[in-house]
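Heads up, coords_0.cif below (mmCIF, C-alpha atoms and all ligand atoms):
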data_query
loop_
_atom_site.label_atom_id
_atom_site.label_comp_id
_atom_site.auth_asym_id
_atom_site.auth_seq_id
_atom_site.Cartn_x
_atom_site.Cartn_y
_atom_site.Cartn_z
CA MET E 1 -36.54 -66.76 -4.11
CA SER E 2 -35.82 -64.96 -0.87
CA GLN E 3 -38.51 -64.07 1.61
CA PRO E 4 -40.14 -60.63 1.32
CA ILE E 5 -39.29 -58.03 3.95
CA ARG E 6 -41.58 -58.08 7.02
CA ARG E 7 -43.46 -54.92 8.02
CA PRO E 8 -41.39 -54.33 11.21
CA GLN E 9 -38.30 -54.54 9.01
CA ARG E 10 -39.70 -51.77 6.81
CA VAL E 11 -40.48 -49.65 9.89
CA TYR E 12 -36.98 -50.42 11.20
CA SER E 13 -35.48 -49.27 7.91
CA VAL E 14 -37.42 -45.95 8.01
CA VAL E 15 -36.61 -45.38 11.70
CA MET E 16 -32.93 -46.07 11.07
CA TRP E 17 -32.88 -43.59 8.18
CA ILE E 18 -34.41 -40.97 10.49
CA LEU E 19 -31.85 -41.92 13.14
CA SER E 20 -29.04 -41.56 10.58
CA PHE E 21 -30.17 -38.04 9.66
CA VAL E 22 -30.69 -36.95 13.28
CA PHE E 23 -27.27 -38.36 14.18
CA ALA E 24 -25.77 -36.54 11.18
CA ALA E 25 -27.52 -33.29 12.22
CA CYS E 26 -26.07 -33.56 15.75
CA LEU E 27 -22.58 -34.25 14.37
CA ILE E 28 -22.91 -31.34 11.92
CA GLY E 29 -24.03 -29.03 14.75
CA LEU E 30 -21.07 -30.07 16.90
CA GLY E 31 -18.65 -29.85 13.96
CA SER E 32 -19.88 -26.39 12.94
CA LEU E 33 -19.34 -25.16 16.50
CA VAL E 34 -15.74 -26.36 16.33
CA ILE E 35 -15.20 -24.99 12.83
CA ARG E 36 -16.89 -21.65 13.64
CA ASP E 37 -14.27 -21.04 16.29
CA LEU E 38 -11.37 -21.79 13.95
CA PRO E 39 -11.05 -18.40 12.16
CA ARG E 40 -10.75 -16.72 15.57
CA VAL E 41 -7.20 -17.98 15.89
CA GLU E 42 -6.34 -15.25 13.36
CA THR E 43 -6.24 -11.62 14.50
CA HIS E 44 -7.93 -9.49 11.89
CA ARG E 45 -5.74 -6.72 10.50
CA SER E 46 -7.02 -3.87 8.36
CA LEU E 47 -5.46 -2.42 5.21
CA ASP E 48 -4.39 0.72 7.16
CA SER E 49 -2.29 -1.35 9.56
CA PHE E 50 0.07 -2.11 6.63
CA ALA E 51 0.50 1.54 5.56
CA ASP E 52 3.28 3.94 6.68
CA HIS E 53 1.96 4.56 10.17
CA ALA E 54 3.46 8.04 10.81
CA ALA E 55 2.49 9.39 7.38
CA LEU E 56 -0.99 7.92 7.69
CA GLU E 57 -1.51 9.43 11.15
CA GLN E 58 -0.30 12.82 9.93
CA ALA E 59 -2.59 12.74 6.90
CA ARG E 60 -5.51 11.66 9.07
CA GLY E 61 -4.77 14.51 11.54
CA GLU E 62 -4.67 16.99 8.66
CA ALA E 63 -7.93 15.62 7.28
CA ASP E 64 -9.58 16.00 10.71
CA GLU E 65 -8.34 19.57 11.09
CA LEU E 66 -9.54 20.49 7.61
CA ARG E 67 -12.91 18.91 8.34
CA LEU E 68 -13.28 21.05 11.48
CA GLU E 69 -12.14 24.18 9.67
CA ILE E 70 -14.54 23.67 6.83
CA SER E 71 -17.44 23.06 9.17
CA ASP E 72 -16.66 26.34 11.02
CA LEU E 73 -16.38 28.17 7.71
CA ARG E 74 -19.70 26.79 6.49
CA ARG E 75 -21.35 28.08 9.65
CA LEU E 76 -19.70 31.47 9.09
CA GLN E 77 -20.87 31.43 5.48
CA GLU E 78 -24.46 30.98 6.66
CA ASP E 79 -24.08 33.97 9.01
CA GLU E 80 -22.58 36.08 6.23
CA ARG E 81 -25.45 35.18 3.93
CA THR E 82 -27.92 36.31 6.59
CA ASP E 83 -26.03 39.60 7.03
CA LEU E 84 -26.00 40.16 3.27
CA ARG E 85 -29.73 39.54 3.01
CA ALA E 86 -30.36 42.02 5.89
CA ALA E 87 -28.12 44.69 4.25
CA GLN E 88 -29.87 44.16 0.90
CA ASN E 89 -33.29 44.53 2.53
CA ASP E 90 -32.19 47.74 4.31
CA TYR E 91 -30.89 49.16 1.07
CA GLU E 92 -34.06 48.27 -0.86
CA VAL E 93 -36.31 49.83 1.80
CA ALA E 94 -34.16 52.98 1.90
CA LEU E 95 -34.19 53.18 -1.90
CA GLU E 96 -37.97 52.85 -2.00
CA ASN E 97 -38.40 55.57 0.69
CA HIS E 98 -36.04 57.80 -1.22
CA SER E 99 -38.02 57.37 -4.46
CA VAL E 100 -41.25 58.26 -2.66
CA TRP E 101 -39.63 61.29 -1.03
CA LEU E 102 -38.21 62.47 -4.40
CA ALA E 103 -41.65 62.18 -6.02
CA ASN E 104 -43.19 64.33 -3.26
CA ARG E 105 -40.43 66.86 -3.68
CA VAL E 106 -41.13 67.19 -7.42
CA VAL E 107 -44.75 67.92 -6.60
CA THR E 108 -43.98 70.53 -3.88
CA GLU E 109 -40.79 71.92 -5.61
CA ALA E 110 -39.34 72.80 -2.21
CA ASP E 111 -35.83 74.10 -2.86
CA GLU E 112 -35.08 74.43 0.81
CA GLN E 113 -34.93 70.65 0.92
CA ASN E 114 -31.54 70.52 -0.96
CA PRO E 115 -29.46 69.77 2.15
CA GLU E 116 -31.82 66.91 2.92
CA ILE E 117 -31.26 65.48 -0.58
CA ILE E 118 -27.55 65.40 0.13
CA ALA E 119 -28.10 63.73 3.50
CA ARG E 120 -30.50 61.15 2.06
CA THR E 121 -28.16 60.37 -0.84
CA GLU E 122 -25.29 59.86 1.58
CA MET E 123 -27.43 57.57 3.72
CA LEU E 124 -28.33 55.53 0.60
CA GLU E 125 -24.69 55.24 -0.38
CA ALA E 126 -23.81 54.08 3.13
CA ARG E 127 -26.45 51.34 2.82
CA ARG E 128 -25.13 50.31 -0.59
CA ASP E 129 -21.60 50.19 0.82
CA ALA E 130 -22.86 47.94 3.61
CA VAL E 131 -24.33 45.56 0.98
CA ARG E 132 -21.02 45.54 -0.91
CA ALA E 133 -19.06 44.90 2.27
CA ALA E 134 -21.36 41.97 3.23
CA GLN E 135 -20.98 40.51 -0.27
CA ALA E 136 -17.20 40.86 -0.07
CA GLU E 137 -17.11 39.04 3.28
CA LEU E 138 -19.30 36.25 1.89
CA ASP E 139 -17.04 35.93 -1.16
CA ALA E 140 -13.98 35.77 1.12
CA VAL E 141 -15.53 32.95 3.13
CA GLY E 142 -16.46 31.12 -0.11
CA LEU E 143 -12.85 31.44 -1.30
CA SER E 144 -11.53 30.05 2.00
CA ILE E 145 -13.93 27.10 1.69
CA THR E 146 -12.72 26.40 -1.86
CA GLN E 147 -9.09 26.46 -0.72
CA ILE E 148 -9.80 24.07 2.16
CA GLU E 149 -11.73 21.74 -0.15
CA ARG E 150 -8.69 21.60 -2.42
CA ALA E 151 -6.48 20.85 0.57
CA GLN E 152 -8.94 18.12 1.59
CA SER E 153 -8.81 16.49 -1.83
CA ASP E 154 -4.98 16.62 -1.67
CA VAL E 155 -5.03 14.91 1.73
CA SER E 156 -7.47 12.22 0.57
CA ALA E 157 -5.29 11.61 -2.50
CA GLU E 158 -2.31 11.24 -0.15
CA LEU E 159 -4.29 8.76 1.99
CA SER E 160 -5.26 6.78 -1.12
CA GLU E 161 -1.62 6.63 -2.19
CA LEU E 162 -0.52 5.42 1.24
CA ARG E 163 -3.22 2.71 1.16
CA ALA E 164 -2.38 1.72 -2.42
CA ALA E 165 1.27 1.30 -1.37
CA ALA E 166 0.15 -0.96 1.50
CA ARG E 167 -2.21 -3.09 -0.64
CA PRO E 168 0.27 -5.72 -1.98
CA GLU E 169 1.45 -6.56 1.54
CA TYR E 170 -2.14 -6.58 2.79
CA GLU E 171 -3.26 -8.94 -0.03
CA ALA E 172 -0.39 -11.30 0.79
CA TYR E 173 -1.45 -11.25 4.44
CA ARG E 174 -5.09 -11.96 3.51
CA GLN E 175 -4.12 -14.87 1.28
CA GLY E 176 -1.97 -16.22 4.11
CA VAL E 177 -4.93 -15.97 6.51
CA GLN E 178 -7.22 -17.69 3.99
CA MET E 179 -4.72 -20.48 3.52
CA ARG E 180 -4.23 -21.00 7.27
CA VAL E 181 -8.01 -21.03 7.89
CA PHE E 182 -8.44 -23.51 5.03
CA LEU E 183 -5.64 -25.77 6.32
CA LEU E 184 -7.17 -25.75 9.81
CA ARG E 185 -10.55 -26.68 8.35
CA LEU E 186 -8.90 -29.35 6.24
CA ALA E 187 -7.16 -30.70 9.36
CA VAL E 188 -10.57 -31.13 10.97
CA THR E 189 -12.45 -32.36 7.88
CA LEU E 190 -9.89 -34.70 6.31
CA PRO E 191 -9.86 -37.25 9.18
CA LEU E 192 -13.68 -37.30 9.00
CA LEU E 193 -13.51 -38.03 5.26
CA ILE E 194 -10.95 -40.80 5.76
CA ILE E 195 -13.06 -42.40 8.53
CA SER E 196 -16.13 -42.11 6.25
CA GLY E 197 -14.26 -43.87 3.46
CA VAL E 198 -13.31 -46.71 5.82
CA LEU E 199 -16.89 -46.97 7.11
CA LEU E 200 -18.23 -47.03 3.55
CA ALA E 201 -15.78 -49.71 2.51
CA ARG E 202 -16.05 -52.00 5.53
CA PHE E 203 -19.34 -51.50 7.36
CA ARG E 204 -21.94 -51.37 4.59
CA GLN E 205 -23.24 -54.80 5.60
CA SER E 206 -22.90 -54.23 9.36
CA ASN E 207 -25.97 -54.06 11.63
CA TYR E 208 -24.58 -50.73 12.83
CA TRP E 209 -24.47 -49.29 9.30
CA PRO E 210 -27.30 -46.76 10.00
CA LEU E 211 -25.08 -45.05 12.59
CA CYS E 212 -22.09 -45.20 10.25
CA ARG E 213 -24.35 -43.75 7.54
CA GLY E 214 -25.12 -40.78 9.83
CA PHE E 215 -21.38 -40.21 10.21
CA VAL E 216 -20.84 -40.42 6.44
CA ILE E 217 -23.66 -37.89 5.80
CA ALA E 218 -22.17 -35.51 8.41
CA SER E 219 -18.67 -35.70 6.94
CA ALA E 220 -20.00 -35.19 3.38
CA PHE E 221 -21.81 -32.09 4.67
CA ALA E 222 -18.63 -30.91 6.42
CA PHE E 223 -16.66 -31.36 3.20
CA PHE E 224 -19.06 -29.56 0.85
CA VAL E 225 -20.31 -26.82 3.22
CA GLU E 226 -17.55 -26.25 5.76
CA LEU E 227 -14.48 -26.86 3.59
CA VAL E 228 -15.10 -26.34 -0.14
CA PRO E 229 -16.32 -22.69 0.15
CA TYR E 230 -13.09 -21.87 2.03
CA LEU E 231 -10.81 -23.16 -0.69
CA PRO E 232 -8.32 -20.36 -1.43
CA SER E 233 -9.20 -19.04 -4.86
CA TYR E 234 -5.89 -17.84 -6.37
CA GLY E 235 -7.93 -16.28 -9.15
CA GLY E 236 -10.12 -19.37 -9.56
CA TYR E 237 -7.25 -21.77 -10.37
CA VAL E 238 -7.61 -23.82 -7.18
CA ARG E 239 -11.42 -24.01 -7.27
CA TYR E 240 -11.59 -25.10 -10.91
CA GLY E 241 -8.64 -27.45 -10.34
CA VAL E 242 -10.35 -29.10 -7.36
CA GLY E 243 -13.64 -29.27 -9.34
CA ILE E 244 -11.84 -31.06 -12.22
CA VAL E 245 -10.11 -33.51 -9.84
CA LEU E 246 -13.40 -34.28 -8.02
CA ILE E 247 -15.24 -34.84 -11.33
CA LEU E 248 -12.44 -37.13 -12.57
CA ILE E 249 -12.58 -39.17 -9.33
CA ALA E 250 -16.41 -39.33 -9.38
CA GLY E 251 -16.38 -40.24 -13.10
CA HIS E 252 -13.79 -42.97 -12.48
CA PHE E 253 -15.86 -44.56 -9.70
CA ILE E 254 -19.14 -44.31 -11.63
CA ILE E 255 -17.55 -45.92 -14.71
CA ARG E 256 -16.01 -48.68 -12.58
CA ALA E 257 -19.34 -49.29 -10.81
CA MET E 258 -21.10 -49.56 -14.19
CA MET E 259 -18.47 -51.97 -15.55
CA ARG E 260 -18.77 -54.12 -12.41
CA TYR E 261 -22.57 -54.12 -12.70
CA LEU E 262 -22.44 -55.16 -16.37
CA GLU E 263 -19.90 -57.87 -15.51
CA ARG E 264 -22.12 -59.15 -12.68
CA GLN E 265 -25.16 -59.17 -14.95
CA LYS E 266 -23.22 -61.05 -17.63
CA VAL E 267 -22.16 -63.70 -15.12
CA ALA E 268 -25.66 -63.84 -13.63
CA GLU E 269 -27.34 -64.20 -17.01
CA ALA E 270 -25.01 -67.08 -17.85
CA ARG E 271 -26.41 -69.09 -14.94
CA SER E 272 -29.59 -71.16 -15.07
CA GLU E 273 -32.93 -69.46 -14.61
CA ILE E 274 -33.51 -71.33 -11.31
CA GLU E 275 -30.24 -70.11 -9.80
CA ARG E 276 -30.86 -66.56 -10.94
CA ARG E 277 -34.39 -66.61 -9.54
CA LYS E 278 -33.07 -67.80 -6.17
CA SER E 279 -30.52 -65.00 -6.05
CA ILE E 280 -33.11 -62.27 -6.64
CA GLU E 281 -34.82 -60.74 -3.62
CA ASN E 282 -38.57 -61.10 -3.81
CA ASP E 283 -39.40 -57.53 -2.89
CA VAL E 284 -36.92 -56.16 -5.39
CA ALA E 285 -38.32 -58.44 -8.11
CA LEU E 286 -41.94 -57.37 -7.44
CA LYS E 287 -40.96 -53.67 -7.46
CA LYS E 288 -39.08 -54.09 -10.73
CA LEU E 289 -42.00 -55.95 -12.31
CA GLU E 290 -44.33 -53.16 -11.20
CA ALA E 291 -42.05 -50.69 -12.98
CA GLY E 292 -42.11 -52.87 -16.14
CA THR E 293 -38.50 -54.05 -15.72
CA CYS E 294 -37.29 -57.63 -15.81
CA PRO E 295 -35.84 -58.61 -12.37
CA GLY E 296 -33.31 -60.86 -14.15
CA CYS E 297 -31.68 -58.47 -16.64
CA ASP E 298 -33.07 -55.01 -15.80
CA ARG E 299 -34.33 -54.59 -19.36
CA PRO E 300 -37.92 -53.49 -20.16
CA VAL E 301 -40.46 -56.34 -20.06
CA VAL E 302 -42.10 -56.93 -23.43
CA THR E 303 -45.86 -56.47 -23.39
CA LYS E 304 -48.38 -58.18 -25.65
CA ASP E 305 -51.69 -56.33 -26.05
CA GLY E 306 -50.77 -54.23 -22.98
CA VAL E 307 -50.12 -57.31 -20.82
CA GLN E 308 -46.65 -58.42 -19.67
CA THR E 309 -45.43 -61.62 -21.32
CA ASP E 310 -44.78 -64.70 -19.16
CA PHE E 311 -41.06 -64.78 -19.98
CA CYS E 312 -38.51 -62.05 -20.43
CA ALA E 313 -37.74 -61.76 -24.13
CA HIS E 314 -34.13 -60.78 -23.33
CA CYS E 315 -32.97 -63.24 -20.64
CA GLY E 316 -35.73 -65.90 -20.44
CA MET E 317 -36.61 -65.16 -16.77
CA LYS E 318 -40.03 -66.54 -15.87
CA LEU E 319 -42.26 -63.64 -14.90
CA ASN E 320 -45.76 -65.22 -14.72
CA GLU E 321 -46.91 -68.80 -14.25
CA ASP E 322 -49.91 -71.00 -13.51
CA CYS E 323 -50.44 -72.07 -9.89
CA ALA E 324 -49.74 -75.77 -9.51
CA GLY E 325 -52.62 -76.00 -7.03
CA CYS E 326 -55.50 -74.33 -8.85
CA GLY E 327 -54.15 -73.27 -12.22
CA THR E 328 -54.69 -69.53 -11.62
CA HIS E 329 -52.34 -67.37 -13.67
CA LYS E 330 -50.11 -65.50 -11.19
CA ILE E 331 -46.87 -63.51 -10.89
CA ALA E 332 -44.03 -66.01 -10.64
CA PHE E 333 -42.44 -64.14 -7.73
CA HIS E 334 -45.46 -64.55 -5.44
CA ASN E 335 -44.49 -67.30 -2.97
CA PHE E 336 -48.08 -68.39 -2.39
CA CYS E 337 -51.01 -68.48 -4.78
CA LEU E 338 -53.36 -65.55 -4.27
CA ALA E 339 -56.35 -67.76 -5.15
CA CYS E 340 -55.77 -71.05 -3.31
CA GLY E 341 -52.79 -70.40 -0.99
CA HIS E 342 -50.74 -73.13 -2.64
CA ASP E 343 -47.03 -72.95 -1.75
CA CYS E 344 -45.42 -72.07 -5.08
CA ARG E 345 -41.84 -71.77 -3.82
CA ASP E 346 -40.84 -75.15 -5.18
CA GLN E 347 -42.69 -74.64 -8.43
CA ALA E 348 -39.64 -73.26 -10.18
CA ASP E 349 -38.02 -76.65 -10.69
CA PRO E 350 -35.81 -77.46 -13.65
CA ALA E 351 -38.69 -79.17 -15.44
CA SER E 352 -40.68 -76.00 -15.56
CA ASN E 353 -37.72 -73.80 -16.51
CA GLY E 354 -38.30 -72.31 -19.94
CA ALA E 355 -41.24 -74.73 -20.52
CA PRO E 356 -43.87 -73.61 -18.10
CA ASP E 357 -46.91 -75.52 -19.23
CA ASP E 358 -47.65 -79.13 -20.14
CA HIS E 359 -47.39 -78.41 -23.85
CA GLY E 360 -43.85 -76.98 -23.64
CA LEU E 361 -45.09 -73.55 -24.66
CA PRO E 362 -45.15 -70.31 -22.72
CA VAL E 363 -48.49 -69.81 -21.02
CA PRO E 364 -50.65 -67.38 -22.98
CA VAL E 365 -51.67 -64.31 -21.01
ZN ZN E 401 -34.80 -60.36 -18.51
ZN ZN E 402 -53.61 -71.57 -6.70
#

Give the structure from this file in structure tokens form.
Amino acid sequence: MSQPIRRPQRVYSVVMWILSFVFAACLIGLGSLVIRDLPRVETHRSLDSFADHAALEQARGEADELRLEISDLRRLQEDERTDLRAAQNDYEVALENHSVWLANRVVTEADEQNPEIIARTEMLEARRDAVRAAQAELDAVGLSITQIERAQSDVSAELSELRAAARPEYEAYRQGVQMRVFLLRLAVTLPLLIISGVLLARFRQSNYWPLCRGFVIASAFAFFVELVPYLPSYGGYVRYGVGIVLILIAGHFIIRAMMRYLERQKVAEARSEIERRKSIENDVALKKLEAGTCPGCDRPVVTKDGVQTDFCAHCGMKLNEDCAGCGTHKIAFHNFCLACGHDCRDQADPASNGAPDDHGLPVPV
């Protein structure tokens, strides 16, 4: 049985995890500054820069002219509407006055007023003509506006055609830019990934592993956040392809890890209980027991009336025993008896293996 971890070691472990994350955060910050500046090496070109420049400029000039013309015409239309309303009001007032005058004339029957009738009628007709003229001018302006609107839609159709003709070249340019940005990011990220792989493979047991771990976290972040989203899509082929490759690689390593674990367990379980017990870390064993798992074979510990049995039913690992000093029933992985302080580290001798009490029977709980 190995010695349990001391409290400063636990604190050290927590502090080093914090240090790993802070180190990773600093590396990520530095890396993102570098990567943020990468797309700037590309000058951004718009769709219009790929279109027929002269034709585009001409169409744009025409569109601007038409826009100015139509805005002048709309202002004129407003003025004409105001004039028409004024002429209509004049005519209505004159008509009303005329009706009143005619009514008075019927009452007085004044024949000498005939010349005045003619004059008044002429005045009314002049007003009506003014209304007609105002309406005609308004209609003319409306017609001009309609014609310019048609011309505008022709020009915008021409612009759309010019842009549509430029689109294939523009898309090719954009894909090229995406690919170059991705390759630049890959050039920065790939060395980090390779270094991380080396660190993972060689420095897991090193005292400086917490710092290496910070580097590994930072490069994993760089890969998944700074590189993967910039994978050129090509209609999704590349992204799904990379996803499939990553899953195959991850699956391969997980399967291999599981096979190695099962192989290790098989070899371990073939050894004697004493040897296995010595190879298990005390802290790990106590944690596993707390979770109801056998520290020897990682299978669930069998319970009898809600109490864990003294031996694992699957691999025979001794889980509980009597203290050799005072006889108190205790967890076998406690180095010293909780009741009398007896050193129980040597208790797991071959004589007690598999036959823990004097009668050769497992100790009842
Ligand atoms: Zn077991
Ligand atoms: Zn004791």

Env. residues ligand ZN 402 (chain E) / 8 Å / only C-alpha atoms and all ligand atoms / as a PyMOL selection string: chain E and resi 322-328+336-342

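Considering all atoms listed in the file, the residue among E:Gln88, E:Gln147, E:Ser160, E:Gln205 positioned nearest to Leu47 of chain E is E:Ser160.
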
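Around ligand ZN 401 (chain E), using all atoms listed in the file and a cut-off of 6 Å, the residues in contact are Cys294, Gly296, Cys297, Arg299, Cys312, His314, Cys315, Gly316 and Met317 of chain E.
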
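Note that the spacing between atom CA of Arg213 of chain E and atom CA of Ser20 of chain E amounts to 6.0 Å.
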
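Residue nearest Leu211 of chain E, chosen from E:Val22, E:Leu190, E:Val14, E:Val100 and counting all atoms listed in the file: E:Val22.
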
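Between Glu169 of chain E and the residues E:Arg75, E:Leu19, E:Val11, E:Asp48, the shortest atom-to-atom distance, using only C-alpha atoms, involves E:Asp48.
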
Scan for residues within 9 Å of the point (-3.8, 7.1, 5.8) in the coordinates of the file, using all atoms listed in the file, and reply as a PDB file with C-alpha atoms, in the frame of the given file.
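The new file out-v8.pdb reads:
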ATOM      1  CA  ASP E  48      -4.390   0.720   7.160  1.00  0.00           C
ATOM      2  CA  ALA E  51       0.500   1.540   5.560  1.00  0.00           C
ATOM      3  CA  ASP E  52       3.280   3.940   6.680  1.00  0.00           C
ATOM      4  CA  HIS E  53       1.960   4.560  10.170  1.00  0.00           C
ATOM      5  CA  ALA E  54       3.460   8.040  10.810  1.00  0.00           C
ATOM      6  CA  ALA E  55       2.490   9.390   7.380  1.00  0.00           C
ATOM      7  CA  LEU E  56      -0.990   7.920   7.690  1.00  0.00           C
ATOM      8  CA  GLU E  57      -1.510   9.430  11.150  1.00  0.00           C
ATOM      9  CA  GLN E  58      -0.300  12.820   9.930  1.00  0.00           C
ATOM     10  CA  ALA E  59      -2.590  12.740   6.900  1.00  0.00           C
ATOM     11  CA  ARG E  60      -5.510  11.660   9.070  1.00  0.00           C
ATOM     12  CA  VAL E 155      -5.030  14.910   1.730  1.00  0.00           C
ATOM     13  CA  SER E 156      -7.470  12.220   0.570  1.00  0.00           C
ATOM     14  CA  GLU E 158      -2.310  11.240  -0.150  1.00  0.00           C
ATOM     15  CA  LEU E 159      -4.290   8.760   1.990  1.00  0.00           C
ATOM     16  CA  SER E 160      -5.260   6.780  -1.120  1.00  0.00           C
ATOM     17  CA  GLU E 161      -1.620   6.630  -2.190  1.00  0.00           C
ATOM     18  CA  LEU E 162      -0.520   5.420   1.240  1.00  0.00           C
ATOM     19  CA  ARG E 163      -3.220   2.710   1.160  1.00  0.00           C
TER      20      ARG E 163
END

Polymer residues at most 9 Å from (-19.3, 34.7, 7.6) by all atoms listed in the file, as a PyMOL selection string: chain E and resi 73-83+134+137-138+140-142

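The gap separating atom CA of Gly61 of chain E from atom CA of Glu149 of chain E is 15.4 Å, in Å to one decimal.
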
10 Å contact set for Ser219 of chain E, all atoms listed in the file, chain neighbours under 5 positions out, as a compact mmCIF listing (two decimals) with C-alpha atoms, in the coordinates of the input:
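This went into out00.txt:
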# COMPACT_ATOMS: atom_id res chain seq x y z
CA ALA E 24 -25.77 -36.54 11.18
CA LEU E 27 -22.58 -34.25 14.37
CA ILE E 28 -22.91 -31.34 11.92
CA GLY E 31 -18.65 -29.85 13.96
CA THR E 189 -12.45 -32.36 7.88
CA LEU E 190 -9.89 -34.70 6.31
CA PRO E 191 -9.86 -37.25 9.18
CA LEU E 192 -13.68 -37.30 9.00
CA LEU E 193 -13.51 -38.03 5.26
CA ILE E 194 -10.95 -40.80 5.76
CA ILE E 195 -13.06 -42.40 8.53
CA SER E 196 -16.13 -42.11 6.25
CA GLY E 197 -14.26 -43.87 3.46
CA ARG E 213 -24.35 -43.75 7.54
CA GLY E 214 -25.12 -40.78 9.83
CA PHE E 224 -19.06 -29.56 0.85
CA VAL E 225 -20.31 -26.82 3.22
CA GLU E 226 -17.55 -26.25 5.76

Within 7 Å of segment 330-333 of chain E using all atoms listed in the file, minus same-chain residues under 4 positions, as a PyMOL selection string: chain E and resi 282+286+318-323

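One distance worth recording is that between atom CA of Lys266 of chain E and atom CA of Ile280 of chain E, which is 14.8 Å.
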
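With distances restricted to only C-alpha atoms, E:Ile148 is the closest residue to Ile70 of chain E from E:Ala86, E:Ala136, E:Val93, E:Ile148.
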
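Proximity of E:Ser46, E:Arg180, E:Glu269, E:Ala119 to Arg167 of chain E, computed with only C-alpha atoms, is greatest for E:Ser46.
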
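Nearest residue to Leu84 of chain E among E:Leu102, E:Leu124, E:Val188, E:Ala130 is E:Ala130, counting only C-alpha atoms.
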